[in-house]
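Undergrad: Take a look at protein-v5.cif, mmCIF, C-alpha atoms:
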data_model
#
loop_
_atom_site.group_PDB
_atom_site.id
_atom_site.type_symbol
_atom_site.label_atom_id
_atom_site.label_comp_id
_atom_site.auth_asym_id
_atom_site.auth_seq_id
_atom_site.Cartn_x
_atom_site.Cartn_y
_atom_site.Cartn_z
ATOM 1 C CA MET H 1 22.415 -15.333 15.591
ATOM 2 C CA ILE H 2 21.413 -15.834 11.989
ATOM 3 C CA LYS H 3 23.250 -14.179 9.130
ATOM 4 C CA ALA H 4 21.264 -13.374 6.047
ATOM 5 C CA ARG H 5 21.819 -11.860 2.657
ATOM 6 C CA VAL H 6 19.065 -10.073 0.758
ATOM 7 C CA THR H 7 19.627 -9.435 -2.937
ATOM 8 C CA ILE H 8 17.542 -6.868 -4.798
ATOM 9 C CA THR H 9 17.374 -6.897 -8.584
ATOM 10 C CA LEU H 10 15.385 -4.898 -11.094
ATOM 11 C CA LYS H 11 12.429 -6.663 -12.646
ATOM 12 C CA ASN H 12 12.614 -7.630 -16.297
ATOM 13 C CA GLY H 13 11.345 -4.853 -18.528
ATOM 14 C CA VAL H 14 12.394 -2.090 -16.145
ATOM 15 C CA LEU H 15 14.909 0.182 -17.823
ATOM 16 C CA ASP H 16 18.228 0.316 -15.935
ATOM 17 C CA PRO H 17 20.207 3.359 -17.098
ATOM 18 C CA GLN H 18 22.996 2.630 -14.601
ATOM 19 C CA GLY H 19 23.365 -0.944 -15.824
ATOM 20 C CA LYS H 20 23.456 0.352 -19.402
ATOM 21 C CA ALA H 21 26.203 2.857 -18.534
ATOM 22 C CA ILE H 22 28.259 0.136 -16.828
ATOM 23 C CA GLU H 23 27.751 -2.115 -19.850
ATOM 24 C CA GLY H 24 29.067 0.695 -22.078
ATOM 25 C CA ALA H 25 32.043 1.299 -19.774
ATOM 26 C CA LEU H 26 32.973 -2.393 -19.786
ATOM 27 C CA GLY H 27 32.904 -2.325 -23.574
ATOM 28 C CA ALA H 28 35.095 0.786 -23.570
ATOM 29 C CA LEU H 29 37.607 -1.052 -21.355
ATOM 30 C CA GLY H 30 37.914 -3.729 -23.995
ATOM 31 C CA PHE H 31 35.773 -6.435 -22.381
ATOM 32 C CA GLU H 32 34.028 -7.811 -25.407
ATOM 33 C CA GLY H 33 30.801 -9.740 -25.491
ATOM 34 C CA VAL H 34 29.315 -8.275 -22.304
ATOM 35 C CA GLY H 35 25.565 -7.803 -22.632
ATOM 36 C CA HIS H 36 22.594 -7.070 -20.388
ATOM 37 C CA VAL H 37 24.350 -5.677 -17.335
ATOM 38 C CA ARG H 38 21.800 -5.054 -14.585
ATOM 39 C CA GLN H 39 22.672 -3.247 -11.360
ATOM 40 C CA GLY H 40 21.222 -4.360 -8.034
ATOM 41 C CA LYS H 41 21.738 -4.128 -4.270
ATOM 42 C CA VAL H 42 22.918 -6.527 -1.580
ATOM 43 C CA PHE H 43 22.091 -6.266 2.124
ATOM 44 C CA ASP H 44 23.885 -8.358 4.756
ATOM 45 C CA LEU H 45 21.918 -8.590 7.983
ATOM 46 C CA GLU H 46 22.388 -10.231 11.376
ATOM 47 C CA LEU H 47 19.269 -11.344 13.196
ATOM 48 C CA ASP H 48 19.006 -12.336 16.853
ATOM 49 C CA GLY H 49 17.899 -15.882 17.732
ATOM 50 C CA GLU H 50 18.137 -19.214 15.931
ATOM 51 C CA ASP H 51 14.632 -19.596 14.529
ATOM 52 C CA ARG H 52 15.282 -19.773 10.807
ATOM 53 C CA ALA H 53 11.656 -19.978 9.737
ATOM 54 C CA ARG H 54 10.890 -16.852 11.679
ATOM 55 C CA ALA H 55 13.973 -15.095 10.309
ATOM 56 C CA GLU H 56 12.851 -15.899 6.799
ATOM 57 C CA ALA H 57 9.358 -14.572 7.464
ATOM 58 C CA ASP H 58 10.767 -11.406 9.063
ATOM 59 C CA LEU H 59 13.126 -10.829 6.135
ATOM 60 C CA LYS H 60 10.281 -11.251 3.665
ATOM 61 C CA ALA H 61 8.307 -8.609 5.566
ATOM 62 C CA MET H 62 11.357 -6.304 5.596
ATOM 63 C CA CYS H 63 11.698 -6.670 1.830
ATOM 64 C CA GLU H 64 8.022 -6.005 1.204
ATOM 65 C CA LYS H 65 7.903 -3.037 3.572
ATOM 66 C CA LEU H 66 11.197 -1.291 2.950
ATOM 67 C CA LEU H 67 14.183 -3.016 1.369
ATOM 68 C CA ALA H 68 12.637 -3.545 -2.066
ATOM 69 C CA ASN H 69 10.280 -1.429 -4.117
ATOM 70 C CA THR H 70 8.176 -4.248 -5.490
ATOM 71 C CA VAL H 71 6.866 -2.036 -8.295
ATOM 72 C CA ILE H 72 10.266 -2.245 -9.977
ATOM 73 C CA GLU H 73 12.351 -4.720 -7.962
ATOM 74 C CA ASN H 74 12.520 -8.425 -7.095
ATOM 75 C CA TYR H 75 14.247 -9.775 -3.995
ATOM 76 C CA THR H 76 15.809 -13.038 -2.906
ATOM 77 C CA ILE H 77 16.637 -14.075 0.657
ATOM 78 C CA ALA H 78 19.487 -16.404 1.597
ATOM 79 C CA LEU H 79 20.280 -17.567 5.154
ATOM 80 C CA ASP H 80 23.837 -18.556 6.058
ATOM 81 C CA MET A 1 -8.233 27.551 2.956
ATOM 82 C CA LYS A 2 -5.588 26.214 5.319
ATOM 83 C CA SER A 3 -2.477 24.390 4.169
ATOM 84 C CA ALA A 4 0.275 22.354 5.809
ATOM 85 C CA VAL A 5 3.869 21.710 4.759
ATOM 86 C CA VAL A 6 5.465 18.441 5.814
ATOM 87 C CA GLN A 7 9.021 18.569 7.133
ATOM 88 C CA LEU A 8 11.453 15.678 7.175
ATOM 89 C CA PRO A 9 15.228 15.624 7.614
ATOM 90 C CA GLY A 10 16.882 16.328 4.287
ATOM 91 C CA LEU A 11 13.991 18.122 2.634
ATOM 92 C CA ASN A 12 15.304 21.531 1.570
ATOM 93 C CA ARG A 13 12.538 23.127 -0.477
ATOM 94 C CA ASP A 14 10.193 23.527 2.482
ATOM 95 C CA ARG A 15 10.886 27.231 2.913
ATOM 96 C CA ASP A 16 10.255 27.925 -0.762
ATOM 97 C CA MET A 17 6.996 26.058 -0.455
ATOM 98 C CA ILE A 18 5.985 27.923 2.711
ATOM 99 C CA ALA A 19 6.740 31.243 0.968
ATOM 100 C CA ALA A 20 4.708 30.286 -2.106
ATOM 101 C CA LEU A 21 1.707 29.113 -0.094
ATOM 102 C CA THR A 22 1.830 32.196 2.124
ATOM 103 C CA LYS A 23 2.042 34.601 -0.798
ATOM 104 C CA ILE A 24 -0.692 32.945 -2.818
ATOM 105 C CA SER A 25 -3.216 32.223 -0.061
ATOM 106 C CA GLY A 26 -2.376 35.168 2.195
ATOM 107 C CA GLN A 27 -2.065 32.711 5.075
ATOM 108 C CA ALA A 28 1.034 30.922 6.302
ATOM 109 C CA PRO A 29 0.824 27.115 6.219
ATOM 110 C CA ILE A 30 1.335 25.134 9.389
ATOM 111 C CA THR A 31 4.356 22.841 9.435
ATOM 112 C CA VAL A 32 4.090 19.175 10.287
ATOM 113 C CA TRP A 33 7.116 17.208 11.499
ATOM 114 C CA GLN A 34 7.700 13.620 10.383
ATOM 115 C CA THR A 35 6.950 12.074 13.786
ATOM 116 C CA GLU A 36 3.497 13.607 14.090
ATOM 117 C CA THR A 37 0.670 11.104 13.952
ATOM 118 C CA SER A 38 -2.191 13.425 13.138
ATOM 119 C CA ILE A 39 -2.873 16.488 11.029
ATOM 120 C CA PRO A 40 -5.341 19.139 12.187
ATOM 121 C CA ASP A 41 -8.858 18.777 10.809
ATOM 122 C CA ASP A 42 -8.985 22.286 9.347
ATOM 123 C CA VAL A 43 -6.135 21.599 6.902
ATOM 124 C CA ASP A 44 -7.417 21.380 3.309
ATOM 125 C CA LEU A 45 -4.115 21.008 1.476
ATOM 126 C CA ILE A 46 -1.039 19.049 2.587
ATOM 127 C CA VAL A 47 2.183 19.680 0.665
ATOM 128 C CA ILE A 48 5.263 17.467 0.719
ATOM 129 C CA PRO A 49 8.067 19.643 -0.640
ATOM 130 C CA GLY A 50 11.240 18.734 -2.489
ATOM 131 C CA GLY A 51 14.725 17.939 -1.288
ATOM 132 C CA PHE A 52 16.692 14.856 -0.391
ATOM 133 C CA SER A 53 14.892 13.267 2.532
ATOM 134 C CA TYR A 54 17.175 10.854 4.384
ATOM 135 C CA GLY A 55 19.918 11.642 1.890
ATOM 136 C CA ASP A 56 18.086 9.658 -0.809
ATOM 137 C CA TYR A 57 19.442 6.555 0.960
ATOM 138 C CA LEU A 58 18.093 3.168 -0.148
ATOM 139 C CA ARG A 59 15.821 4.773 -2.798
ATOM 140 C CA CYS A 60 14.617 8.372 -3.128
ATOM 141 C CA GLY A 61 11.762 8.903 -0.694
ATOM 142 C CA ALA A 62 11.826 5.308 0.553
ATOM 143 C CA ILE A 63 12.616 6.003 4.204
ATOM 144 C CA ALA A 64 10.523 9.162 4.413
ATOM 145 C CA ALA A 65 7.536 7.218 3.075
ATOM 146 C CA ARG A 66 7.668 4.947 6.164
ATOM 147 C CA MET A 67 7.610 7.764 8.748
ATOM 148 C CA PRO A 68 4.583 8.130 11.059
ATOM 149 C CA VAL A 69 3.374 11.355 9.434
ATOM 150 C CA MET A 70 2.734 9.460 6.192
ATOM 151 C CA GLN A 71 0.088 7.315 7.866
ATOM 152 C CA ALA A 72 -1.627 10.514 9.000
ATOM 153 C CA ILE A 73 -1.434 11.901 5.453
ATOM 154 C CA LYS A 74 -2.870 8.674 4.024
ATOM 155 C CA GLU A 75 -5.814 8.892 6.388
ATOM 156 C CA LYS A 76 -6.458 12.508 5.403
ATOM 157 C CA ALA A 77 -6.174 11.703 1.703
ATOM 158 C CA GLU A 78 -8.738 8.939 2.103
ATOM 159 C CA LYS A 79 -11.107 11.548 3.517
ATOM 160 C CA GLY A 80 -10.575 13.750 0.452
ATOM 161 C CA VAL A 81 -7.996 16.236 1.758
ATOM 162 C CA LYS A 82 -5.777 17.438 -1.096
ATOM 163 C CA VAL A 83 -2.151 16.277 -1.089
ATOM 164 C CA LEU A 84 0.551 17.710 -3.346
ATOM 165 C CA GLY A 85 4.025 16.189 -3.590
ATOM 166 C CA VAL A 86 6.704 18.078 -5.477
ATOM 167 C CA CYS A 87 9.960 16.440 -6.596
ATOM 168 C CA ASN A 88 11.134 14.432 -3.549
ATOM 169 C CA GLY A 89 7.527 14.841 -2.369
ATOM 170 C CA PHE A 90 6.391 12.989 -5.513
ATOM 171 C CA GLN A 91 9.003 10.293 -4.888
ATOM 172 C CA ILE A 92 7.730 9.947 -1.312
ATOM 173 C CA LEU A 93 4.114 9.605 -2.510
ATOM 174 C CA VAL A 94 4.978 6.762 -4.919
ATOM 175 C CA GLU A 95 7.128 5.044 -2.286
ATOM 176 C CA ALA A 96 4.220 5.328 0.154
ATOM 177 C CA GLY A 97 1.949 3.670 -2.394
ATOM 178 C CA MET A 98 -0.302 6.738 -2.605
ATOM 179 C CA LEU A 99 0.444 7.064 -6.320
ATOM 180 C CA PRO A 100 1.289 4.235 -8.739
ATOM 181 C CA GLY A 101 4.676 3.628 -10.359
ATOM 182 C CA ALA A 102 8.224 4.501 -9.399
ATOM 183 C CA LEU A 103 10.733 7.282 -10.035
ATOM 184 C CA MET A 104 14.034 5.950 -11.259
ATOM 185 C CA ARG A 105 17.445 7.426 -12.027
ATOM 186 C CA ASN A 106 17.389 9.896 -14.951
ATOM 187 C CA ALA A 107 18.175 8.151 -18.235
ATOM 188 C CA SER A 108 21.149 10.504 -18.700
ATOM 189 C CA LEU A 109 22.380 9.526 -15.201
ATOM 190 C CA LYS A 110 22.871 13.253 -14.618
ATOM 191 C CA PHE A 111 21.246 15.608 -12.149
ATOM 192 C CA VAL A 112 19.210 18.064 -14.215
ATOM 193 C CA CYS A 113 18.618 21.605 -12.998
ATOM 194 C CA LYS A 114 16.999 23.866 -15.572
ATOM 195 C CA GLU A 115 13.730 25.284 -16.792
ATOM 196 C CA ILE A 116 11.518 23.078 -18.938
ATOM 197 C CA LYS A 117 8.247 23.395 -20.833
ATOM 198 C CA LEU A 118 5.423 21.622 -19.123
ATOM 199 C CA GLN A 119 2.161 20.699 -20.793
ATOM 200 C CA VAL A 120 -0.995 20.765 -18.683
ATOM 201 C CA VAL A 121 -2.638 17.602 -20.000
ATOM 202 C CA ASN A 122 -5.598 17.606 -17.622
ATOM 203 C CA ALA A 123 -6.864 21.060 -16.638
ATOM 204 C CA GLU A 124 -9.921 19.724 -14.839
ATOM 205 C CA THR A 125 -8.240 18.651 -11.608
ATOM 206 C CA ASP A 126 -8.399 20.528 -8.306
ATOM 207 C CA PHE A 127 -4.754 21.470 -8.906
ATOM 208 C CA THR A 128 -4.929 22.673 -12.511
ATOM 209 C CA ARG A 129 -8.229 24.516 -12.930
ATOM 210 C CA ALA A 130 -6.348 27.797 -13.387
ATOM 211 C CA TYR A 131 -4.913 26.510 -16.668
ATOM 212 C CA ALA A 132 -6.339 25.585 -20.049
ATOM 213 C CA ALA A 133 -6.121 21.996 -21.286
ATOM 214 C CA GLY A 134 -3.011 21.566 -23.405
ATOM 215 C CA GLN A 135 -1.504 24.825 -22.159
ATOM 216 C CA ILE A 136 2.268 24.857 -22.080
ATOM 217 C CA ILE A 137 3.839 26.562 -19.079
ATOM 218 C CA ARG A 138 7.391 27.221 -17.963
ATOM 219 C CA CYS A 139 8.560 25.377 -14.870
ATOM 220 C CA PRO A 140 11.915 24.744 -13.171
ATOM 221 C CA ILE A 141 13.147 21.214 -12.531
ATOM 222 C CA ALA A 142 15.987 19.995 -10.286
ATOM 223 C CA HIS A 143 16.294 16.251 -9.830
ATOM 224 C CA HIS A 144 18.394 13.136 -10.304
ATOM 225 C CA ASP A 145 15.588 10.592 -10.180
ATOM 226 C CA GLY A 146 12.603 11.754 -12.197
ATOM 227 C CA ASN A 147 12.438 8.933 -14.684
ATOM 228 C CA TYR A 148 8.847 7.804 -14.167
ATOM 229 C CA PHE A 149 8.149 4.112 -14.657
ATOM 230 C CA VAL A 150 4.982 2.123 -14.348
ATOM 231 C CA GLU A 151 3.951 -1.212 -15.858
ATOM 232 C CA ALA A 152 2.000 -1.138 -19.118
ATOM 233 C CA GLU A 153 -1.425 -1.934 -17.710
ATOM 234 C CA THR A 154 -1.359 0.846 -15.116
ATOM 235 C CA LEU A 155 0.081 3.273 -17.667
ATOM 236 C CA LYS A 156 -2.879 2.590 -19.914
ATOM 237 C CA SER A 157 -5.369 3.265 -17.151
ATOM 238 C CA LEU A 158 -3.502 6.419 -16.027
ATOM 239 C CA GLU A 159 -3.657 7.794 -19.562
ATOM 240 C CA GLY A 160 -7.261 6.658 -20.044
ATOM 241 C CA ASN A 161 -8.515 8.143 -16.767
ATOM 242 C CA GLY A 162 -6.908 11.543 -17.259
ATOM 243 C CA GLN A 163 -4.559 10.810 -14.360
ATOM 244 C CA VAL A 164 -1.556 12.029 -16.328
ATOM 245 C CA VAL A 165 -1.814 15.699 -15.387
ATOM 246 C CA PHE A 166 1.530 17.041 -16.625
ATOM 247 C CA LYS A 167 3.834 15.982 -19.423
ATOM 248 C CA TYR A 168 7.127 17.430 -20.546
ATOM 249 C CA ALA A 169 6.315 19.291 -23.767
ATOM 250 C CA GLU A 170 7.165 17.303 -26.862
ATOM 251 C CA GLY A 171 10.863 16.783 -27.397
ATOM 252 C CA THR A 172 11.912 18.212 -24.023
ATOM 253 C CA ASN A 173 11.759 15.130 -21.777
ATOM 254 C CA PRO A 174 14.733 15.734 -19.423
ATOM 255 C CA ASN A 175 14.858 12.353 -17.677
ATOM 256 C CA GLY A 176 13.532 9.558 -19.906
ATOM 257 C CA SER A 177 10.214 9.262 -18.100
ATOM 258 C CA LEU A 178 7.636 6.985 -19.692
ATOM 259 C CA ASN A 179 5.312 8.844 -22.105
ATOM 260 C CA ASP A 180 7.015 12.126 -21.043
ATOM 261 C CA ILE A 181 5.106 11.963 -17.747
ATOM 262 C CA ALA A 182 5.965 14.798 -15.338
ATOM 263 C CA GLY A 183 3.038 14.590 -12.927
ATOM 264 C CA ILE A 184 0.182 12.216 -12.082
ATOM 265 C CA ILE A 185 -2.897 12.283 -9.896
ATOM 266 C CA ASN A 186 -4.628 9.448 -8.029
ATOM 267 C CA GLU A 187 -7.909 8.006 -9.224
ATOM 268 C CA LYS A 188 -9.901 9.966 -6.667
ATOM 269 C CA GLY A 189 -8.328 13.211 -7.916
ATOM 270 C CA ASN A 190 -6.985 14.586 -4.634
ATOM 271 C CA VAL A 191 -3.349 13.390 -4.555
ATOM 272 C CA LEU A 192 -1.009 14.949 -7.127
ATOM 273 C CA GLY A 193 2.685 14.249 -7.540
ATOM 274 C CA MET A 194 4.945 16.161 -9.916
ATOM 275 C CA MET A 195 8.684 16.393 -10.511
ATOM 276 C CA PRO A 196 8.853 20.101 -11.561
ATOM 277 C CA HIS A 197 8.969 22.873 -8.957
ATOM 278 C CA PRO A 198 6.041 25.285 -9.513
ATOM 279 C CA GLU A 199 6.820 26.982 -6.162
ATOM 280 C CA ASN A 200 9.925 28.470 -7.767
ATOM 281 C CA LEU A 201 8.037 30.354 -10.471
ATOM 282 C CA ILE A 202 5.261 32.278 -8.759
ATOM 283 C CA GLU A 203 6.199 35.965 -8.929
ATOM 284 C CA ALA A 204 8.070 38.614 -10.909
ATOM 285 C CA ALA A 205 11.161 38.164 -8.720
ATOM 286 C CA HIS A 206 11.338 34.571 -9.999
ATOM 287 C CA GLY A 207 11.185 35.782 -13.581
ATOM 288 C CA GLY A 208 7.645 34.571 -14.110
ATOM 289 C CA SER A 209 4.549 33.221 -12.429
ATOM 290 C CA ASP A 210 3.558 30.206 -14.535
ATOM 291 C CA GLY A 211 3.642 27.948 -11.476
ATOM 292 C CA ARG A 212 1.210 30.037 -9.503
ATOM 293 C CA GLY A 213 -1.893 28.445 -11.015
ATOM 294 C CA ILE A 214 -1.237 25.103 -9.322
ATOM 295 C CA PHE A 215 -1.391 26.678 -5.861
ATOM 296 C CA ALA A 216 -4.179 29.078 -6.795
ATOM 297 C CA SER A 217 -6.231 26.090 -7.990
ATOM 298 C CA ALA A 218 -5.462 23.924 -4.960
ATOM 299 C CA LEU A 219 -6.003 26.783 -2.506
ATOM 300 C CA ASP A 220 -9.147 27.906 -4.285
ATOM 301 C CA VAL A 221 -7.932 31.455 -4.842
ATOM 302 C CA ILE A 222 -7.988 31.680 -8.639
ATOM 303 C CA ALA A 223 -8.279 35.341 -9.593
ATOM 304 C CA ALA A 224 -11.537 36.006 -11.423
#
Show this structure as structure tokens.
TA:
Amino acid sequence: MIKARVTITLKNGVLDPQGKAIEGALGALGFEGVGHVRQGKVFDLELDGEDRARAEADLKAMCEKLLANTVIENYTIALD
Amino acid sequence: MKSAVVQLPGLNRDRDMIAALTKISGQAPITVWQTETSIPDDVDLIVIPGGFSYGDYLRCGAIAARMPVMQAIKEKAEKGVKVLGVCNGFQILVEAGMLPGALMRNASLKFVCKEIKLQVVNAETDFTRAYAAGQIIRCPIAHHDGNYFVEAETLKSLEGNGQVVFKYAEGTNPNGSLNDIAGIINEKGNVLGMMPHPENLIEAAHGGSDGRGIFASALDVIAA
């Protein structure tokens, strides 16, 4: 079994109102000097088999087809 | 003219849409479930209604956009059949790649449910012929993710090609959408997506009928 983590982040230039709100809340809590907070998503997946190259290719297809919206999001794939 | 309403788990405006289509065309639409792989040939207008398909999980419309019925709708759209997506229906159309851009969380981070002023920017589409260019109509909205985004190049071509069909009237943008965009059409002119709910303003009982023209145009039943 292969364990993988997919991380989705917003592309540069895409407005992130949630990130902005979190940034404001951190400031309100007294954390100074926090800038450019961007919110993203993390998926932890378990894949059958031991073929890492295939797992990577499958994960890329999953990101392109469903996990990420490539109009606004980037993704990175990490295998354990 | 025959219409069809797509049904998916979590959509909740399907009955409103069925009522609007029935009242305006005099003929009840057929309903198409998400697992269906074909749509009858005599259907001229396919409507994806609003709601919260798949609980808005992952991203609004993301899971619905990958259901088998969407492939059937894509094939029909390629042949020129009209497709209208309202609210979650619009989100599904962008997630399915049938319209450019993405619908993101409202800039206010709040769900907005109210009536807005909508400007008909392009009154020459198959969905807006009942209106005059620049006309401002009333229309209800109810959404959490209507903040339209598209990269600069595509935005330019959308504006240049008349593909921006509806904008929130000046100063009333409820969600932070780019250029006040409320609804766009594909290049071919047969797939329209819009955040506002015209199906909820079609008769006196609704307090007005400003939304009626969209269905009358698409169903080809504009009163002379």
Undergrad: On this structure, which residues satisfy the PyMOL selection byres ((chain H) within 7 of (chain A)), written as a short mmCIF file (atom, residue, chain, number, x, y, z; two decimals) with C-alpha atoms, in the frame of the given file?
TA:
data_model
loop_
_atom_site.label_atom_id
_atom_site.label_comp_id
_atom_site.auth_asym_id
_atom_site.auth_seq_id
_atom_site.Cartn_x
_atom_site.Cartn_y
_atom_site.Cartn_z
CA PRO H 17 20.21 3.36 -17.10
CA GLN H 18 23.00 2.63 -14.60
CA VAL H 71 6.87 -2.04 -8.30
#
Undergrad: Counting all atoms listed in the file, find the residues whose atoms lie at most 6 Å from (5.8, 12.8, -14.0) (file coordinates) and write them out as a list in words.
TA: Tyr148, Ile181, Ala182, Gly183, Ile184, Met194 and Met195 of chain A
Undergrad: CA of Ile73 in chain A to CA of Ser38 in chain A: how many Å, to one decimal?
TA: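 Separation between CA of Ile73 in chain A and CA of Ser38 in chain A: 7.9 Å.
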Undergrad: Can you tell me how far CA of Gln7 in chain A sits from CA of Gly61 in chain A, in Å to one decimal?
TA: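 About the pair CA of Gln7 in chain A and CA of Gly61 in chain A: they are 12.7 Å apart.
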Undergrad: May I ask for the distance between CA of His143 in chain A and CA of Arg212 in chain A, given in Å to one decimal place?
TA: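 CA of Arg212 in chain A lies 20.4 Å from CA of His143 in chain A.
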Undergrad: Step by step, work through what the PyMOL selection byres ((chain A and resi 78) around 12) selects in the shown file, and finish by giving those residues as a PyMOL selection string.
TA: chain A and resi 71-77+79-83+98+186-191
Undergrad: Report as a list in words the full result of the PyMOL selection byres ((chain A and resi 50) around 9) when it is applied to this structure.
TA: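 Those residues are Leu11, Asn12, Arg13, Asp14, Met17, Ile48, Pro49, Gly51, Phe52, Ser53, Gly85, Val86, Cys87, Asn88, Gly89, Phe90, Met195 and His197 of chain A.
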Undergrad: Identify the residues within 9 Å of coordinate (20.6, -10.6, 13.0) (same frame as the file), considering all atoms listed in the file, and give the answer as a list of chain:residue names.
TA: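 The residues that fall inside the cut-off are H:Met1, H:Ile2, H:Lys3, H:Ala4, H:Leu45, H:Glu46, H:Leu47, H:Asp48, H:Gly49, H:Ala55.
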Undergrad: Mind dumping the selected residues with C-alpha atoms as a compact mmCIF listing (two decimals), in the frame of the given file?
TA:
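Okay, this is what ended up in result_32.txt:
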# COMPACT_ATOMS: atom_id res chain seq x y z
CA MET H 1 22.42 -15.33 15.59
CA ILE H 2 21.41 -15.83 11.99
CA LYS H 3 23.25 -14.18 9.13
CA ALA H 4 21.26 -13.37 6.05
CA LEU H 45 21.92 -8.59 7.98
CA GLU H 46 22.39 -10.23 11.38
CA LEU H 47 19.27 -11.34 13.20
CA ASP H 48 19.01 -12.34 16.85
CA GLY H 49 17.90 -15.88 17.73
CA ALA H 55 13.97 -15.10 10.31
Undergrad: Please list as a PDB file with C-alpha atoms, in the coordinates of the input every residue within 12 Å of Asp44 in chain H, counting only C-alpha atoms and excluding residues in the same chain fewer than 5 positions away.
TA:
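Written output follows (out-v2.pdb):
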ATOM      1  CA  ILE H   2      21.413 -15.834  11.989  1.00  0.00           C
ATOM      2  CA  LYS H   3      23.250 -14.179   9.130  1.00  0.00           C
ATOM      3  CA  ALA H   4      21.264 -13.374   6.047  1.00  0.00           C
ATOM      4  CA  ARG H   5      21.819 -11.860   2.657  1.00  0.00           C
ATOM      5  CA  VAL H   6      19.065 -10.073   0.758  1.00  0.00           C
ATOM      6  CA  THR H   7      19.627  -9.435  -2.937  1.00  0.00           C
ATOM      7  CA  ILE H   8      17.542  -6.868  -4.798  1.00  0.00           C
ATOM      8  CA  LEU H  59      13.126 -10.829   6.135  1.00  0.00           C
ATOM      9  CA  LEU H  67      14.183  -3.016   1.369  1.00  0.00           C
ATOM     10  CA  ILE H  77      16.637 -14.075   0.657  1.00  0.00           C
ATOM     11  CA  ALA H  78      19.487 -16.404   1.597  1.00  0.00           C
ATOM     12  CA  LEU H  79      20.280 -17.567   5.154  1.00  0.00           C
ATOM     13  CA  ASP H  80      23.837 -18.556   6.058  1.00  0.00           C
TER      14      ASP H  80
END
Undergrad: Quick one: residues within 10 Å of Asn173 in chain A, only C-alpha atoms, excluding same-chain residues fewer than 3 positions away - as number ranges by chain?
TA: A: 116-118, 147, 167-170, 176-182
Undergrad: Nearest to Asp16 in chain A: which of A:Cys139, A:Ile92, A:Leu201, A:Val221 is it, counting all atoms listed in the file?
TA: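 Going through A:Cys139, A:Ile92, A:Leu201, A:Val221 one by one, the smallest distance to Asp16 in chain A is for A:Leu201.
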Undergrad: Smallest atom-to-atom distance to Leu8 in chain A: which of A:Ile46, A:Leu21, A:Ala64, A:Thr125, using only C-alpha atoms?
TA: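 Nearest candidate to Leu8 in chain A out of A:Ile46, A:Leu21, A:Ala64, A:Thr125: A:Ala64.
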Undergrad: Compare A:Gly10, A:Cys60, A:Pro196, A:Ala152 by their minimum atom-to-atom distance to Gly13 in chain H, counting all atoms listed in the file, and give me the closest one.
TA: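 Under the stated criterion, the closest residue is A:Ala152.
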Undergrad: Could you tell me which of H:Gly27, H:Val37, H:Asp58, H:Ile22 comes closest to Leu10 in chain H if we count only C-alpha atoms?
TA: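 Among the listed residues, the smallest separation from Leu10 in chain H belongs to H:Val37.
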Undergrad: Using all atoms listed in the file, can you tell me which of H:Glu50, H:Gly33, H:Gln39, H:Lys60 comes closest to Val14 in chain H?
TA: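 With all atoms listed in the file as the atom set, the closest residue is H:Gln39.
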Undergrad: So which residues touch Val121 in chain A within 7 Å, counting all atoms listed in the file, skipping near sequence neighbours fewer than 5 positions away, as a list in words?
TA: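 Everything that qualifies: Ala133, Gly134, Val164, Val165, Phe166 and Lys167 of chain A.
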Undergrad: Once you've located range 46-68 of chain H in the structure I gave, write it as a CSV table (one decimal), in the first residue's frame, keeping C-alpha atoms.
TA:
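And here's decode.csv as it stands now:
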chain,number,residue,atom,x,y,z
H,46,GLU,CA,-4.1,5.2,0.5
H,47,LEU,CA,-3.5,3.4,-2.8
H,48,ASP,CA,-3.3,-0.4,-3.3
H,49,GLY,CA,-0.1,-1.9,-4.7
H,50,GLU,CA,3.6,-0.8,-4.5
H,51,ASP,CA,4.1,0.7,-7.9
H,52,ARG,CA,5.0,4.3,-7.1
H,53,ALA,CA,5.3,5.5,-10.6
H,54,ARG,CA,1.8,4.3,-11.3
H,55,ALA,CA,0.5,5.8,-8.1
H,56,GLU,CA,2.0,9.1,-9.0
H,57,ALA,CA,0.4,9.0,-12.5
H,58,ASP,CA,-3.0,8.0,-11.0
H,59,LEU,CA,-2.8,10.8,-8.5
H,60,LYS,CA,-2.0,13.3,-11.2
H,61,ALA,CA,-5.1,12.1,-13.1
H,62,MET,CA,-7.2,12.4,-9.9
H,63,CYS,CA,-6.1,15.9,-9.4
H,64,GLU,CA,-6.7,16.9,-13.0
H,65,LYS,CA,-10.1,15.2,-13.1
H,66,LEU,CA,-11.6,16.0,-9.7
H,67,LEU,CA,-9.4,17.0,-6.7
H,68,ALA,CA,-8.3,20.3,-8.1
